[in-house]
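Okay, run_38.cif is below, mmCIF, C-alpha atoms:
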```
data_start
#
loop_
_atom_site.label_atom_id
_atom_site.label_comp_id
_atom_site.auth_asym_id
_atom_site.auth_seq_id
_atom_site.Cartn_x
_atom_site.Cartn_y
_atom_site.Cartn_z
CA MET A 298 0.00 0.00 0.00
CA GLY A 299 2.93 2.35 0.65
CA VAL A 300 4.03 1.88 -2.93
CA GLU A 301 0.62 2.72 -4.30
CA ARG A 302 0.47 5.89 -2.23
CA ASN A 303 3.67 7.16 -3.90
CA THR A 304 2.68 6.36 -7.47
CA PRO A 305 1.82 9.19 -9.84
CA LYS A 306 -1.70 7.81 -10.24
CA ALA A 307 -2.46 8.34 -6.59
CA SER A 308 -1.28 11.96 -6.48
CA PRO A 309 -4.35 13.50 -8.17
CA LYS A 310 -6.50 12.23 -5.27
CA LYS A 311 -4.58 14.52 -2.97
CA ARG A 312 -5.49 17.64 -4.89
CA PRO A 313 -7.99 19.56 -2.74
CA THR A 314 -9.18 21.94 -5.42
CA THR A 315 -12.08 19.73 -6.50
CA THR A 316 -13.27 18.50 -3.11
CA LEU A 317 -16.33 19.82 -1.30
CA ARG A 318 -14.34 20.12 1.92
CA TYR A 319 -11.87 22.46 0.23
CA LEU A 320 -14.69 24.66 -1.04
CA PHE A 321 -16.16 24.93 2.46
CA ASP A 322 -12.76 25.81 3.93
CA LEU A 323 -12.21 28.38 1.22
CA ASP A 324 -15.62 29.89 1.88
CA SER A 325 -15.03 30.15 5.61
CA LYS A 326 -11.66 31.82 5.03
CA SER A 327 -13.30 34.27 2.67
CA ASP A 328 -15.97 35.07 5.28
CA GLY A 329 -13.31 35.57 7.91
CA ASN A 330 -11.43 38.06 5.76
CA SER A 331 -14.55 40.05 4.99
CA TYR A 332 -15.60 40.15 8.65
CA PHE A 333 -12.28 41.25 10.09
CA GLY A 334 -11.44 43.58 7.27
CA ASN A 335 -7.69 42.97 6.97
CA GLY A 336 -4.96 40.55 7.85
CA GLY A 337 -3.75 42.57 10.86
CA LYS A 338 -7.06 42.36 12.66
CA ARG A 339 -7.35 38.72 11.77
CA SER A 340 -3.95 37.89 13.22
CA SER A 341 -4.75 39.79 16.43
CA LEU A 342 -8.02 37.86 16.71
CA ASP A 343 -6.18 34.59 16.20
CA SER A 344 -3.78 35.46 19.00
CA GLU A 345 -6.68 36.38 21.28
CA ASN A 346 -8.40 33.10 20.46
CA GLU A 347 -5.19 31.19 21.15
CA GLU A 348 -4.90 32.87 24.52
CA LEU A 349 -8.53 32.03 25.36
CA LEU A 350 -8.05 28.45 24.23
CA SER A 351 -5.01 28.21 26.49
CA VAL A 352 -7.04 29.49 29.45
CA ILE A 353 -9.91 27.10 28.66
CA THR A 354 -7.54 24.16 28.36
CA TYR A 355 -6.04 24.90 31.77
CA CYS A 356 -9.48 25.32 33.35
CA THR A 357 -10.53 21.93 32.03
CA ARG A 358 -8.35 20.38 34.70
CA VAL A 359 -10.62 19.54 37.65
CA PHE A 360 -9.53 19.95 41.27
CA THR A 361 -11.45 17.97 43.89
CA PHE A 362 -10.24 20.09 46.87
CA THR A 363 -10.13 16.83 48.85
CA ASP A 364 -6.95 15.29 47.41
CA PRO A 365 -3.91 16.31 49.53
CA SER A 366 -1.64 15.99 46.50
CA GLU A 367 -3.36 18.94 44.78
CA SER A 368 -1.40 22.16 44.83
CA PRO A 369 -3.19 25.15 46.45
CA SER A 370 -1.27 27.51 44.16
CA GLN A 371 -2.58 25.68 41.10
CA GLN A 372 -6.09 25.78 42.52
CA GLU A 373 -5.77 29.53 42.99
CA LEU A 374 -4.34 29.93 39.49
CA LYS A 375 -7.34 28.11 38.04
CA ARG A 376 -9.68 30.38 40.00
CA VAL A 377 -7.92 33.44 38.56
CA LYS A 378 -8.15 32.06 35.03
CA LEU A 379 -11.84 31.23 35.49
CA THR A 380 -12.43 34.79 36.67
CA LYS A 381 -10.64 36.09 33.60
CA LEU A 382 -12.78 33.84 31.39
CA LEU A 383 -15.94 35.08 33.12
CA SER A 384 -14.89 38.66 32.52
CA PHE A 385 -14.41 37.91 28.82
CA VAL A 386 -17.82 36.23 28.45
CA LYS A 387 -19.50 39.12 30.27
CA SER A 388 -17.80 41.95 28.41
CA THR A 389 -17.58 40.66 24.85
CA LYS A 390 -19.89 42.46 22.46
CA LYS A 391 -19.20 40.21 19.48
CA PRO A 392 -20.50 36.66 19.14
CA ILE A 393 -18.01 34.19 20.58
CA HIS A 394 -15.91 32.68 17.82
CA GLY A 395 -16.84 29.24 16.56
CA GLN A 396 -13.40 27.92 17.54
CA ILE A 397 -14.00 28.92 21.17
CA LEU A 398 -17.50 27.57 21.79
CA PRO A 399 -16.84 23.78 21.62
CA PRO A 400 -13.88 23.75 24.04
CA LEU A 401 -15.61 26.29 26.29
CA VAL A 402 -18.74 24.15 26.66
CA SER A 403 -16.57 21.03 27.09
CA MET A 404 -14.69 22.80 29.89
CA LEU A 405 -17.99 23.71 31.60
CA ALA A 406 -19.18 20.12 31.32
CA ALA A 407 -15.90 18.74 32.70
CA ASN A 408 -16.19 20.93 35.80
CA LEU A 409 -19.93 20.62 36.46
CA PHE A 410 -20.81 17.05 35.57
CA ARG A 411 -19.21 15.10 38.38
CA PRO A 412 -20.24 12.39 40.84
CA LEU A 413 -22.04 14.04 43.73
CA SER A 414 -20.89 13.31 47.25
CA PRO A 415 -23.04 10.81 49.16
CA SER A 416 -25.75 12.14 51.45
CA SER A 417 -24.60 13.25 54.88
CA ASN A 418 -27.57 11.39 56.39
CA PRO A 419 -28.55 8.51 54.10
CA SER A 420 -30.86 6.90 56.68
CA VAL A 421 -33.31 9.81 56.52
CA ILE A 422 -35.89 9.73 53.74
CA CYS A 423 -36.30 13.33 52.65
CA ASP A 424 -36.28 14.84 56.16
CA LEU A 425 -33.95 17.28 54.49
CA ALA A 426 -32.00 20.12 55.98
CA ASP A 427 -33.15 23.70 55.88
CA GLU A 428 -32.47 25.62 52.68
CA GLU A 429 -29.87 27.78 54.40
CA ASP A 430 -28.00 24.83 55.89
CA THR A 431 -24.63 24.25 54.21
CA SER A 432 -23.50 21.42 56.49
CA ASN A 433 -22.34 19.41 53.46
CA PRO A 434 -21.18 22.03 50.92
CA ALA A 435 -19.59 21.17 47.59
CA PRO A 436 -15.81 21.05 48.24
CA ALA A 437 -14.99 22.61 44.86
CA TRP A 438 -17.43 25.51 45.33
CA PRO A 439 -14.73 28.24 44.83
CA HIS A 440 -14.39 26.97 41.24
CA LEU A 441 -17.96 25.76 40.69
CA GLN A 442 -19.49 29.14 41.49
CA ILE A 443 -17.48 30.85 38.75
CA VAL A 444 -18.16 28.03 36.28
CA TYR A 445 -21.91 28.38 36.85
CA GLU A 446 -21.66 32.15 36.33
CA ILE A 447 -19.77 31.59 33.06
CA LEU A 448 -22.51 29.22 31.89
CA PHE A 449 -25.22 31.70 32.85
CA GLN A 450 -23.52 34.55 30.99
CA LEU A 451 -22.90 32.31 27.99
CA VAL A 452 -26.56 31.34 27.80
CA ASP A 453 -27.69 34.91 28.39
CA ASN A 454 -25.40 36.62 25.85
CA THR A 455 -25.11 34.04 23.05
CA ASP A 456 -27.67 33.30 20.37
CA ALA A 457 -29.57 30.14 21.26
CA LYS A 458 -29.22 28.71 17.77
CA ALA A 459 -25.44 29.07 17.94
CA LEU A 460 -25.40 27.06 21.19
CA ARG A 461 -27.85 24.43 20.03
CA ASP A 462 -25.16 22.02 18.83
CA HIS A 463 -23.20 22.36 22.07
CA ILE A 464 -25.93 22.52 24.74
CA ASP A 465 -27.96 19.49 23.69
CA HIS A 466 -30.33 17.00 25.35
CA SER A 467 -27.46 15.15 27.01
CA PHE A 468 -26.06 18.39 28.46
CA LEU A 469 -29.49 19.37 29.82
CA HIS A 470 -30.05 15.92 31.31
CA ASN A 471 -26.71 16.06 33.12
CA LEU A 472 -27.49 19.59 34.30
CA LEU A 473 -30.83 18.43 35.71
CA SER A 474 -29.13 15.63 37.67
CA LEU A 475 -27.12 18.26 39.57
CA PHE A 476 -30.30 19.34 41.39
CA GLN A 477 -29.59 16.38 43.66
CA SER A 478 -26.66 18.32 45.12
CA GLU A 479 -26.86 18.73 48.87
CA ASP A 480 -25.39 22.23 48.70
CA PRO A 481 -28.24 24.82 48.57
CA ARG A 482 -25.87 27.41 47.07
CA GLU A 483 -25.29 25.20 44.06
CA ARG A 484 -28.99 24.44 43.65
CA GLU A 485 -29.84 28.16 43.81
CA ILE A 486 -27.49 29.21 41.02
CA LEU A 487 -28.32 26.04 39.05
CA LYS A 488 -32.01 26.96 39.25
CA ASN A 489 -31.27 30.34 37.69
CA VAL A 490 -29.18 28.78 34.92
CA TYR A 491 -31.74 26.08 34.12
CA HIS A 492 -34.61 28.56 34.07
CA ARG A 493 -32.63 30.89 31.81
CA ILE A 494 -32.03 28.04 29.38
CA TYR A 495 -35.76 27.27 29.42
CA SER A 496 -36.55 30.92 28.67
CA ARG A 497 -34.11 31.33 25.77
CA PHE A 498 -34.00 27.83 24.25
CA THR A 499 -37.65 27.63 23.24
CA PHE A 500 -36.99 24.55 21.10
CA TYR A 501 -35.98 22.61 24.25
CA ARG A 502 -38.98 23.51 26.41
CA SER A 503 -40.95 20.34 25.77
CA PHE A 504 -37.94 18.15 26.56
CA MET A 505 -37.10 20.11 29.73
CA LYS A 506 -40.67 19.90 31.06
CA LYS A 507 -40.77 16.15 30.40
CA THR A 508 -37.47 15.47 32.16
CA MET A 509 -38.48 17.59 35.17
CA ASN A 510 -41.75 15.65 35.38
CA ASP A 511 -39.79 12.39 35.29
CA VAL A 512 -37.82 13.59 38.32
CA PHE A 513 -41.06 14.39 40.19
CA LEU A 514 -42.64 11.03 39.39
CA GLN A 515 -39.54 9.08 40.35
CA TYR A 516 -39.43 10.97 43.63
CA VAL A 517 -43.11 10.38 44.46
CA PHE A 518 -43.46 6.74 43.45
CA GLU A 519 -39.95 5.32 43.85
CA THR A 520 -37.29 7.05 45.92
CA GLU A 521 -38.83 9.85 48.03
CA ARG A 522 -35.29 11.22 48.10
CA HIS A 523 -34.27 14.35 46.19
CA TYR A 524 -32.82 17.64 47.37
CA GLY A 525 -33.97 19.79 44.47
CA ILE A 526 -37.75 19.25 44.34
CA GLY A 527 -38.44 22.72 45.75
CA ASP A 528 -36.08 24.37 43.26
CA LEU A 529 -37.66 22.55 40.31
CA LEU A 530 -41.11 23.55 41.56
CA GLU A 531 -39.97 27.19 41.64
CA ILE A 532 -39.08 26.90 37.97
CA TRP A 533 -42.47 25.32 37.29
CA GLY A 534 -44.17 28.13 39.21
CA SER A 535 -42.85 30.72 36.76
CA ILE A 536 -43.77 28.43 33.84
CA ILE A 537 -47.35 28.04 35.09
CA ASN A 538 -47.57 31.78 35.64
CA GLY A 539 -47.05 32.23 31.90
CA PHE A 540 -49.76 29.76 30.83
CA THR A 541 -52.43 31.19 28.57
CA ILE A 542 -56.15 30.72 29.21
CA PRO A 543 -57.76 28.30 28.56
CA ILE A 544 -55.09 25.99 29.98
CA LYS A 545 -53.99 23.24 27.61
CA GLU A 546 -55.05 19.67 28.30
CA GLU A 547 -51.43 18.51 28.73
CA HIS A 548 -50.97 21.03 31.53
CA LYS A 549 -54.13 19.85 33.29
CA ILE A 550 -52.77 16.30 33.10
CA PHE A 551 -49.55 17.59 34.69
CA LEU A 552 -51.62 19.05 37.54
CA MET A 553 -53.53 15.83 38.15
CA ARG A 554 -50.74 13.28 37.65
CA VAL A 555 -47.70 15.14 38.96
CA LEU A 556 -48.48 18.17 41.14
CA ILE A 557 -51.30 16.70 43.23
CA PRO A 558 -49.44 13.42 43.99
CA LEU A 559 -46.53 15.53 45.27
CA HIS A 560 -48.70 16.09 48.37
CA LYS A 561 -48.18 12.42 49.27
CA PRO A 562 -44.47 12.02 50.27
CA LYS A 563 -43.23 12.35 53.83
CA GLY A 564 -40.91 15.21 52.92
CA LEU A 565 -43.71 17.54 51.84
CA GLN A 566 -42.73 20.21 54.37
CA VAL A 567 -39.46 20.86 52.51
CA TYR A 568 -41.12 22.00 49.26
CA HIS A 569 -44.73 22.67 50.28
CA ARG A 570 -44.52 26.44 49.79
CA GLN A 571 -43.52 26.07 46.14
CA LEU A 572 -46.04 23.28 45.55
CA ALA A 573 -48.92 25.28 47.03
CA TYR A 574 -48.00 28.24 44.81
CA CYS A 575 -48.09 26.06 41.68
CA ALA A 576 -51.47 24.58 42.61
CA SER A 577 -52.98 27.98 43.42
CA GLN A 578 -51.77 29.36 40.07
CA PHE A 579 -53.80 26.70 38.26
CA VAL A 580 -56.92 27.54 40.28
CA GLN A 581 -56.51 31.28 39.75
CA LYS A 582 -56.23 30.83 36.00
CA GLU A 583 -59.11 28.32 35.77
CA PRO A 584 -61.29 28.22 38.92
CA VAL A 585 -62.98 25.05 37.71
CA LEU A 586 -59.76 23.21 38.56
CA GLY A 587 -60.27 24.06 42.25
CA GLU A 588 -62.44 21.00 42.76
CA ILE A 589 -59.70 18.73 41.35
CA VAL A 590 -57.03 20.28 43.58
CA VAL A 591 -59.08 20.17 46.80
CA GLN A 592 -60.23 16.59 46.21
CA GLY A 593 -56.65 15.59 45.46
CA ILE A 594 -55.39 17.11 48.73
CA LEU A 595 -58.14 15.35 50.69
CA LYS A 596 -57.21 12.08 48.94
CA TYR A 597 -53.60 12.27 50.12
CA TRP A 598 -54.41 13.55 53.61
CA PRO A 599 -51.93 12.12 56.16
CA ILE A 600 -53.07 9.96 59.05
CA THR A 601 -50.17 10.20 61.48
CA ASN A 602 -48.02 13.09 60.18
CA CYS A 603 -49.08 16.17 62.15
CA GLN A 604 -46.64 18.54 60.43
CA LYS A 605 -48.16 17.72 57.05
CA GLU A 606 -51.66 18.21 58.44
CA VAL A 607 -50.82 21.74 59.58
CA LEU A 608 -49.44 22.58 56.12
CA LEU A 609 -52.40 21.12 54.25
CA VAL A 610 -54.95 22.92 56.43
CA GLY A 611 -53.24 26.19 55.53
CA GLU A 612 -53.23 25.30 51.84
CA LEU A 613 -56.96 24.50 51.91
CA GLU A 614 -57.67 27.83 53.58
CA GLU A 615 -55.83 29.68 50.78
CA LEU A 616 -57.61 27.68 48.08
CA VAL A 617 -61.03 28.39 49.58
CA GLU A 618 -60.41 32.12 49.17
CA ILE A 619 -60.08 31.76 45.38
CA LEU A 620 -62.79 29.11 44.84
CA ASP A 621 -66.03 30.01 43.10
CA PRO A 622 -69.09 29.88 45.39
CA GLU A 623 -70.60 27.17 43.19
CA GLN A 624 -67.44 25.09 43.52
CA PHE A 625 -67.41 25.58 47.29
CA ARG A 626 -70.99 24.29 47.58
CA LYS A 627 -69.88 21.00 46.03
CA LEU A 628 -66.87 20.74 48.31
CA ALA A 629 -68.33 22.22 51.52
CA LEU A 630 -69.26 18.95 53.25
CA PRO A 631 -66.03 16.95 52.66
CA LEU A 632 -63.96 20.08 53.27
CA CYS A 633 -65.67 20.98 56.56
CA THR A 634 -65.59 17.32 57.62
CA GLN A 635 -61.82 17.23 57.24
CA ILE A 636 -61.34 20.58 58.98
CA THR A 637 -63.51 19.31 61.86
CA ARG A 638 -61.41 16.14 62.17
CA CYS A 639 -58.38 18.38 62.50
CA LEU A 640 -59.90 20.71 65.09
CA THR A 641 -60.76 17.70 67.27
CA SER A 642 -57.25 16.25 66.88
CA TRP A 643 -55.40 15.46 70.11
CA ASN A 644 -52.36 17.18 68.58
CA SER A 645 -52.79 20.78 69.71
CA PRO A 646 -50.93 22.51 66.79
CA VAL A 647 -53.21 20.72 64.30
CA ALA A 648 -56.34 21.61 66.31
CA GLU A 649 -55.28 25.25 66.68
CA ARG A 650 -54.50 25.59 62.96
CA ALA A 651 -57.94 24.22 62.06
CA LEU A 652 -59.61 26.60 64.53
CA TYR A 653 -57.84 29.54 62.90
CA VAL A 654 -59.54 28.51 59.65
CA LEU A 655 -62.93 28.61 61.38
CA ASN A 656 -62.00 32.00 62.81
CA ASN A 657 -61.99 33.27 59.21
CA GLU A 658 -65.36 34.98 58.71
CA GLN A 659 -65.26 34.53 54.94
CA PHE A 660 -64.80 30.78 55.29
CA MET A 661 -67.64 30.46 57.80
CA LYS A 662 -70.03 32.58 55.73
CA MET A 663 -69.39 30.36 52.71
CA ALA A 664 -69.87 27.23 54.84
CA GLN A 665 -73.08 28.66 56.30
CA GLU A 666 -74.50 29.48 52.87
CA ALA A 667 -73.35 26.24 51.24
CA THR A 668 -75.24 23.57 53.20
CA PRO A 669 -76.65 23.18 56.75
CA ASP A 670 -74.94 19.79 57.05
CA ALA A 671 -71.48 21.36 56.77
CA PHE A 672 -72.25 23.91 59.49
CA LEU A 673 -73.67 21.16 61.72
CA VAL A 674 -70.48 19.11 61.35
CA ILE A 675 -68.42 22.11 62.50
CA VAL A 676 -70.68 22.77 65.51
CA GLU A 677 -70.45 19.11 66.52
CA GLY A 678 -66.66 19.22 66.49
CA MET A 679 -66.53 22.42 68.51
CA GLU A 680 -68.90 21.11 71.19
CA LYS A 681 -66.75 17.98 71.51
CA ASN A 682 -63.67 20.16 71.97
CA LEU A 683 -65.31 22.17 74.73
CA LYS A 684 -66.23 18.99 76.60
CA TRP A 685 -63.33 16.63 76.03
CA HIS A 686 -60.15 18.25 74.63
CA TRP A 687 -57.15 18.00 76.96
CA SER A 688 -55.48 21.28 75.84
CA LYS A 689 -56.55 24.43 77.67
CA SER A 690 -55.41 26.67 74.80
CA VAL A 691 -57.48 24.65 72.31
CA ARG A 692 -60.55 24.90 74.54
CA GLU A 693 -60.08 28.66 74.93
CA LEU A 694 -59.65 29.14 71.18
CA THR A 695 -62.72 26.99 70.56
CA GLU A 696 -64.73 29.19 72.92
CA THR A 697 -63.56 32.29 71.01
CA VAL A 698 -64.61 30.81 67.68
CA LYS A 699 -67.95 29.75 69.18
CA MET A 700 -68.66 33.32 70.31
CA MET A 701 -67.88 34.59 66.81
CA LEU A 702 -70.23 32.06 65.21
CA GLU A 703 -73.02 32.86 67.69
CA GLU A 704 -72.72 36.54 66.80
CA MET A 705 -72.57 35.84 63.10
CA ALA A 706 -75.50 33.37 63.00
CA PRO A 707 -77.10 33.09 66.46
CA GLY A 708 -80.24 31.28 65.32
CA LEU A 709 -78.37 28.80 63.16
CA TYR A 710 -75.80 27.96 65.83
CA SER A 711 -78.40 27.36 68.55
CA LYS A 712 -80.49 25.34 66.11
CA SER A 713 -77.44 23.26 65.23
CA VAL A 714 -76.76 22.62 68.94
CA ILE A 715 -80.39 21.48 69.44
CA ASN A 716 -80.14 19.18 66.41
CA LEU A 717 -76.89 17.83 67.77
CA GLU A 718 -78.48 17.12 71.15
CA LEU A 719 -81.39 15.37 69.45
CA ARG A 720 -78.97 13.24 67.44
CA GLU A 721 -77.02 12.35 70.55
CA SER A 722 -80.24 11.50 72.39
CA ALA A 723 -81.37 9.32 69.48
CA ALA A 724 -77.97 7.64 69.38
CA GLN A 725 -78.15 6.93 73.11
CA GLN A 726 -81.66 5.49 72.72
CA GLN A 727 -80.45 3.25 69.92
CA GLU A 728 -77.57 2.08 72.08
CA ILE A 729 -79.98 1.25 74.91
CA GLU A 730 -82.21 -0.71 72.55
CA ARG A 731 -79.22 -2.53 71.09
CA ARG A 732 -78.00 -3.59 74.53
CA GLU A 733 -81.53 -4.68 75.51
CA LYS A 734 -81.73 -6.89 72.39
CA TRP A 735 -78.39 -8.51 73.21
CA ARG A 736 -79.52 -9.08 76.82
CA ARG A 737 -82.64 -10.90 75.57
CA ILE A 738 -80.57 -12.98 73.16
CA GLU A 739 -78.17 -13.97 75.95
CA MET A 740 -81.10 -14.92 78.23
CA ALA A 741 -82.72 -17.03 75.50
CA ALA A 742 -79.40 -18.75 74.82
CA SER A 743 -78.86 -19.58 78.49
CA GLN A 744 -82.41 -21.02 78.79
CA ASN A 745 -81.86 -23.24 75.76
CA GLN A 746 -78.57 -24.39 77.18
CA ASN A 747 -80.27 -25.33 80.49
CA GLN A 748 -82.91 -27.38 78.62
CA PHE A 749 -80.24 -29.49 76.90
CA ILE A 750 -78.50 -30.10 80.23
#
```

What does the file become when written as C-alpha cells?
Amino acid sequence: MGVERNTPKASPKKRPTTTLRYLFDLDSKSDGNSYFGNGGKRSSLDSENEELLSVITYCTRVFTFTDPSESPSQQELKRVKLTKLLSFVKSTKKPIHGQILPPLVSMLAANLFRPLSPSSNPSVICDLADEEDTSNPAPAWPHLQIVYEILFQLVDNTDAKALRDHIDHSFLHNLLSLFQSEDPREREILKNVYHRIYSRFTFYRSFMKKTMNDVFLQYVFETERHYGIGDLLEIWGSIINGFTIPIKEEHKIFLMRVLIPLHKPKGLQVYHRQLAYCASQFVQKEPVLGEIVVQGILKYWPITNCQKEVLLVGELEELVEILDPEQFRKLALPLCTQITRCLTSWNSPVAERALYVLNNEQFMKMAQEATPDAFLVIVEGMEKNLKWHWSKSVRELTETVKMMLEEMAPGLYSKSVINLELRESAAQQQEIERREKWRRIEMAASQNQNQFI
C-alpha cells in the first residue's frame, strides 16, 4: 500500500481543489477576511483566540479540593483564570468565535458534571436540611461558582441557535441531575441557569418539562429522596404563571398526575410552599380546577403526620379564598368534615391551625351558605372540643370561635346545637335498645342451654 500511495496515479487524489471540503474551507476563510477587514485584525483575533483556548484548556483540569496531593497555588491559578474567562464572556460584544464555543462548553461540562458526594444522612428519607444549611457544601465551590456564572452569561449573551449544537439533550439531562446536590448554594445558582435556558431555548422547552416531570414522578413513586424538588417547583411556578387561558389539556394532566401526587411524600414540608403556589396558580387561572385540587389534597391527607396536616390545612384555607361559590358548595361537606377532624385532633398545633380557619369569617359565611350539614359538622366538632379536649389553649380558642359564630349566626348555631343534642339523644336510645336486644338474646341462649343439660 505504501508503494501505491507514492505512485503518480495516486497523487491527483490529494489535490484539494475539486473536493467539497476544500470549497467549504475556502468559503469560511473568505468570510473571515470580509468580517475582520484585513490581515492585521485577523492575526490579532487569532492570538486572542489562542490565549482564550489556552485558558480554557487549563481550566478543564478539575480539582477535587479533597486530594492532599493537589497544589493550592494551582487551585488559585485556576480560580484566577476562570475569573478572567468570566470577565471575557461578560464583556464581549461580538459573538463568541466558533473555535472557542466547543472547548468552552466542554470545559464547563468537565467541571460541572461530576459524581455528587453521598448524602450526609442517608438513613433519613427526605427529612432534608433547611435551605440555608450548608453542612455538606460542595468542596470545589470556589471553582464551581465561577463556572456556573460563566454558563449563565454564555446562555444569556449568546444566540440560542449558535449554542444548540453544544448545549444538547445530554447536556441538559446532566445539568438536571445536579439538582440532587446537597449544597443549597449550588442548587440556587443552578435553578437560575436552568430557568434561563428554558426561557431562551424555546426549542428545548418540551424536553425540559418532560425530564423535570420524570424527576417528580420518580421521587413520588420510587425514591422519596431528592434535594432539588423545591427548586424545580420554583421553575415550574414561573412556567405556570405564563400559561395562557384556557389551559392546555397537557398542563391539566400535569396538575392531576404530577403536582397533586406531590402532596403524598413524607418530605412535603421541605417543598410545600412552592407546591402550594403552583397549585394555586392553576386555580386562579381556571377556577374550575379548584375542585380537582381540593379533592386531590383530601385524597392524600396524612393519618399520622401532624406537620403535614398543619401545612395542608393552611393550603386548603388559601384555596377556599379563590374558589367560586358554586365550587365551594360542592366541596363544603367533605372540606368541613376534614377541617372538623383536624380541630378535634389530640395534637394541639393541628387543632389550633384548624380553629384559625374557622375564625376566618369569609370561610364560615361560605360554609353557612353552602349547606346546613357542613355547618352542623363544624358545631359538633366544637362542642366535643369544649367537653373533652385536653389542651386548655385549644378549649379557649374553641370558645372564642364559638362566640364569633353565635354573633354571626345566632339562630343557626343554637339550632345546630339542638339538632346535635337530638342526634345524641337518638344515638343513646339506639344504644340502649341494642343492649336490651343482646340481653334478651343472651337470656334465651342460656335457657336453651339449660334445657339441653

Quick check on the file I pasted: which residues fall under the PyMOL selection byres ((chain A and resi 493) around 12)? Write them as a PyMOL selection string. chain A and resi 446+448-455+457+486-492+494-499+501-502+505+532+535-536

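Residues within 7 Å of region 611-619 of chain A, counting all atoms listed in the file and excluding same-chain residues fewer than 4 positions away, are Ala573, Ser577, Gln581, Val607 and Val654 of chain A.
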
Using only C-alpha atoms for the distances, tell me which of A:Pro436, A:Pro369, A:Pro599, A:Gly678 is nearest to Leu717 (chain A). A:Gly678

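Atom to atom, CA of His466 (chain A) and CA of Phe410 (chain A) stand 14.0 Å apart.
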
Skipping near chain neighbours, those fewer than 3 positions away, what residues fall within 10 Å of Asp528 (chain A) using all atoms listed in the file, listed as a ChimeraX atom specification? /A:476,481,484-485,487-489,524-525,531-534,568,571

Non-local contacts of Gln624 (chain A) (9 Å; only C-alpha atoms; under 2 positions in same chain excluded) as a VMD selection string: chain A and resid 584 to 585 587 to 588 620 to 622 626 to 629

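Of note, CA of Ser688 (chain A) and CA of Ile600 (chain A) are spaced 20.4 Å apart.
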
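Atom pair CA of Leu383 (chain A) / CA of Ile447 (chain A): separated by 5.2 Å.
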
Surrounding residues of Glu677 (chain A) excluding itself and chain neighbours under 5 positions, 12 Å, only C-alpha atoms, as a VMD selection string: chain A and resid 633 to 634 636 to 638 640 to 641 670 to 672 682 to 684 695 699 710 to 721

Return as a PyMOL selection string the set of residues that the PyMOL selection byres ((chain A and resi 372-380) around 10) yields on the displayed structure. chain A and resi 349+351-353+355-362+367-371+381-386+437+439-444+446-447

Here is a test: counting only C-alpha atoms, which residue of A:Gly564, A:Pro415, A:Pro400, A:Pro392 is nearest to Lys458 (chain A)? A:Pro392

Who sits within 9 Å of Gln477 (chain A), only C-alpha atoms, same chain under 3 positions skipped, as a ChimeraX atom specification: /A:413,473-474,480,484,522-526

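Checking A:Leu709, A:Arg732, A:Phe540, A:Glu521 one by one against Pro669 (chain A), counting only C-alpha atoms, you find the shortest gap at A:Leu709.
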
Residue nearest Ser503 (chain A) - candidates A:Gln748, A:His548, A:Glu730, A:Met553, atoms counted: only C-alpha atoms: A:His548

Specify as number ranges by chain each residue included when the PyMOL selection byres ((chain A and resi 508-512) around 8) is applied to this file. A: 470, 473, 504-507, 513-516, 529, 555

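Of the residues under consideration (A:Leu609, A:Ile393, A:Ala407, A:Val691), A:Ile393 shows the shortest atom-to-atom contact distance to Leu460 (chain A) when counting all atoms listed in the file.
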